[in-house]
Amino acid sequence: MAKPVVIVVGADKGGVGKTTVSRTLLDYFSANNVPTRAFDTEFPRGTLKRFHPDVTEIVDMTTTSDQMKIFDTLNSAGPSVTVIDVRAGLLSPSLASLRDIGFLDAAKSGQITFAVFHILGPSIASLDEIAETANFMQGAKYFLVKNFINNTSFFEWDQATYNSYFHRIKDATELTIPKLNEMAYEQVEVASVPFLKFVANKTMNDDAANYSFVLRGYVRHWLANVWSEFDRIKLTDLVGSSKASARGGEK
């Protein structure tokens, strides 16, 4: 049985586009034929589930029963990758819970592949988050993600200060999510479909849609750039999976 892979996407600050990154991950794994499930911790309303209802379950990460739903099923014969979209403000508490249940020790000993996509905002508070998160990163693959999806303007952090935070975590990797045309982003939101289905001009049920050719083009170009970043960090290597020769959605 393949070793389970758990990817946590989160930040302690809100409004930095965590769910957008989770959506691109689900599209990427789908296109690479990697079985994936997701947990949306925006309880009880959910955000990720609106775009990926077939593979997503809404959970309350603060309750033991819902933690069991996620982690007691990792070794089942189901999907090899589990993506957890962590609600704003819950990244550090969630990592602390993973430590308390022994999950981080299991990752450190190689029983589980664990990765954290830490979505950074533009303020110094994001650097403080890195310092907080660093305490939990032994045994994890740690990705620091600058997400420009919300037209974020990252000020030039003092390099010495930034390095002092960044270098606390061995082998941390930086990742950039480029900005998507605002009208295209809004149209995908209105359509409530995965980015891949929008590009393919399909509804959630795979019926033919009538999305704008221009906006679909913007999304296609943007998604290709995001996926090139995922390729650069060899994301499929996490699951020991070679990429399909022709990925779905890349026409």
# chains A, B, ... in the order shown; residues from 1 in each chain; ligands from 1
>>> residues_around(residues="segment 137-141 of chain A", least_positions_apart="5", cutoff="8 Å", atoms="only C-alpha atoms", output="list in words")
Leu104, Asp105, Ala107, Lys108, Ser109, Gly110, Thr113, Phe114, Ala115, Val116, Ile169, Asp171 and Ala172 of chain A
>>> atom_distance(atom1="atom CA of Ala224 of chain A", atom2="atom CA of Tyr28 of chain A")
9.8 Å
>>> residues_around(residues="Gly17 of chain A", least_positions_apart="5", cutoff="12 Å", atoms="only C-alpha atoms", output="count of residues only")
31
>>> select_by_dssp(residues="segment 64-130 of chain A", states="alpha helix (DSSP H)", output="VMD selection string")
chain A and resid 64 to 71 91 to 100 103 to 108 124 to 130
>>> atom_distance(atom1="atom CA of Phe136 of chain A", atom2="atom CA of Gln111 of chain A")
16.6 Å
>>> closest_atom_pairs(of="segment 34-59 of chain A", to="segment 188-211 of chain A", cutoff="9 Å", atoms="only C-alpha atoms", output="JSON lines")
{"residue": "A:Arg50", "atom": "CA", "partner": "A:Ser192", "partner_atom": "CA", "distance": 6.3}
{"residue": "A:Phe51", "atom": "CA", "partner": "A:Val193", "partner_atom": "CA", "distance": 4.9}
{"residue": "A:His52", "atom": "CA", "partner": "A:Pro194", "partner_atom": "CA", "distance": 6.5}
>>> closest_residue(among="A:Glu186, A:Glu132, A:Asp231, A:Asp72", to="Leu91 of chain A", atoms="only C-alpha atoms")
A:Glu132
>>> closest_residue(among="A:Ile233, A:Leu26, A:Leu238, A:Met183", to="Ser212 of chain A", atoms="only C-alpha atoms")
A:Met183
>>> closest_residue(among="A:Leu215, A:Ala131, A:Val55, A:Val21", to="Gly78 of chain A", atoms="only C-alpha atoms")
A:Val55
>>> residues_around(residues="Thr36 of chain A", least_positions_apart="5", cutoff="8 Å", atoms="only C-alpha atoms", output="PyMOL selection string")
chain A and resi 26+29-30+55+79-83
>>> write_last_selection(atoms="N, CA and C atoms", output="PDB file, in the first residue's frame")
ATOM      1  N   LEU A  26      -5.979  20.431  -5.946  1.00  0.00           N
ATOM      2  CA  LEU A  26      -6.921  19.364  -6.314  1.00  0.00           C
ATOM      3  C   LEU A  26      -6.999  19.203  -7.828  1.00  0.00           C
ATOM      4  N   PHE A  29      -3.624  17.434  -8.986  1.00  0.00           N
ATOM      5  CA  PHE A  29      -3.587  15.997  -8.734  1.00  0.00           C
ATOM      6  C   PHE A  29      -4.581  15.259  -9.632  1.00  0.00           C
ATOM      7  N   SER A  30      -5.748  15.871  -9.860  1.00  0.00           N
ATOM      8  CA  SER A  30      -6.726  15.264 -10.754  1.00  0.00           C
ATOM      9  C   SER A  30      -6.155  15.117 -12.158  1.00  0.00           C
ATOM     10  N   VAL A  55     -15.132  15.306  -3.793  1.00  0.00           N
ATOM     11  CA  VAL A  55     -13.980  14.762  -3.050  1.00  0.00           C
ATOM     12  C   VAL A  55     -13.785  15.438  -1.700  1.00  0.00           C
ATOM     13  N   PRO A  79      -8.066   7.155  -1.450  1.00  0.00           N
ATOM     14  CA  PRO A  79      -7.118   8.061  -2.099  1.00  0.00           C
ATOM     15  C   PRO A  79      -5.785   8.142  -1.359  1.00  0.00           C
ATOM     16  N   SER A  80      -4.711   8.283  -2.125  1.00  0.00           N
ATOM     17  CA  SER A  80      -3.382   8.310  -1.519  1.00  0.00           C
ATOM     18  C   SER A  80      -3.007   9.680  -0.987  1.00  0.00           C
ATOM     19  N   VAL A  81      -3.711  10.725  -1.434  1.00  0.00           N
ATOM     20  CA  VAL A  81      -3.402  12.088  -0.993  1.00  0.00           C
ATOM     21  C   VAL A  81      -4.600  12.692  -0.263  1.00  0.00           C
ATOM     22  N   THR A  82      -4.330  13.304   0.873  1.00  0.00           N
ATOM     23  CA  THR A  82      -5.344  14.018   1.636  1.00  0.00           C
ATOM     24  C   THR A  82      -4.940  15.486   1.725  1.00  0.00           C
ATOM     25  N   VAL A  83      -5.788  16.375   1.205  1.00  0.00           N
ATOM     26  CA  VAL A  83      -5.547  17.820   1.281  1.00  0.00           C
ATOM     27  C   VAL A  83      -6.470  18.401   2.355  1.00  0.00           C
TER      28      VAL A  83
END
>>> closest_residue(among="A:Ala184, A:Leu175, A:Val219, A:Val5", to="Arg232 of chain A", atoms="only C-alpha atoms")
A:Leu175
>>> closest_residue(among="A:Asp60, A:Glu42, A:Glu229, A:Glu182", to="Phe143 of chain A", atoms="only C-alpha atoms")
A:Glu229
>>> select_by_dssp(residues="segment 2-232 of chain A", states="strand (DSSP E)", output="JSON, numbers by chain")
{"A": [5, 6, 7, 8, 9, 10, 36, 37, 38, 39, 40, 56, 57, 58, 81, 82, 83, 84, 85, 113, 114, 115, 116, 117, 118, 119, 120, 140, 141, 142, 143, 144, 145, 146, 147, 173, 174, 175, 176, 177]}
>>> atom_distance(atom1="atom CA of Ser97 of chain A", atom2="atom CA of Thr64 of chain A")
9.5 Å
>>> residues_around(residues="Asn75 of chain A", least_positions_apart="6", cutoff="10 Å", atoms="only C-alpha atoms", output="CSV table (one decimal) with N, CA and C atoms, in the first residue's frame")
chain,number,residue,atom,x,y,z
A,1,MET,N,0.9,-1.2,0.0
A,1,MET,CA,0.0,0.0,0.0
A,1,MET,C,0.9,1.3,0.0
A,2,ALA,N,0.5,2.2,-0.8
A,2,ALA,CA,1.3,3.5,-0.9
A,2,ALA,C,1.3,4.2,0.4
A,3,LYS,N,2.4,4.8,0.8
A,3,LYS,CA,2.4,5.6,2.0
A,3,LYS,C,1.5,6.8,1.9
A,4,PRO,N,0.6,7.0,2.9
A,4,PRO,CA,-0.3,8.1,2.8
A,4,PRO,C,0.4,9.5,2.8
A,5,VAL,N,-0.2,10.4,2.0
A,5,VAL,CA,0.4,11.8,1.9
A,5,VAL,C,-0.7,12.7,2.5
A,112,ILE,N,4.4,8.5,7.3
A,112,ILE,CA,3.5,9.4,6.5
A,112,ILE,C,4.3,10.4,5.8
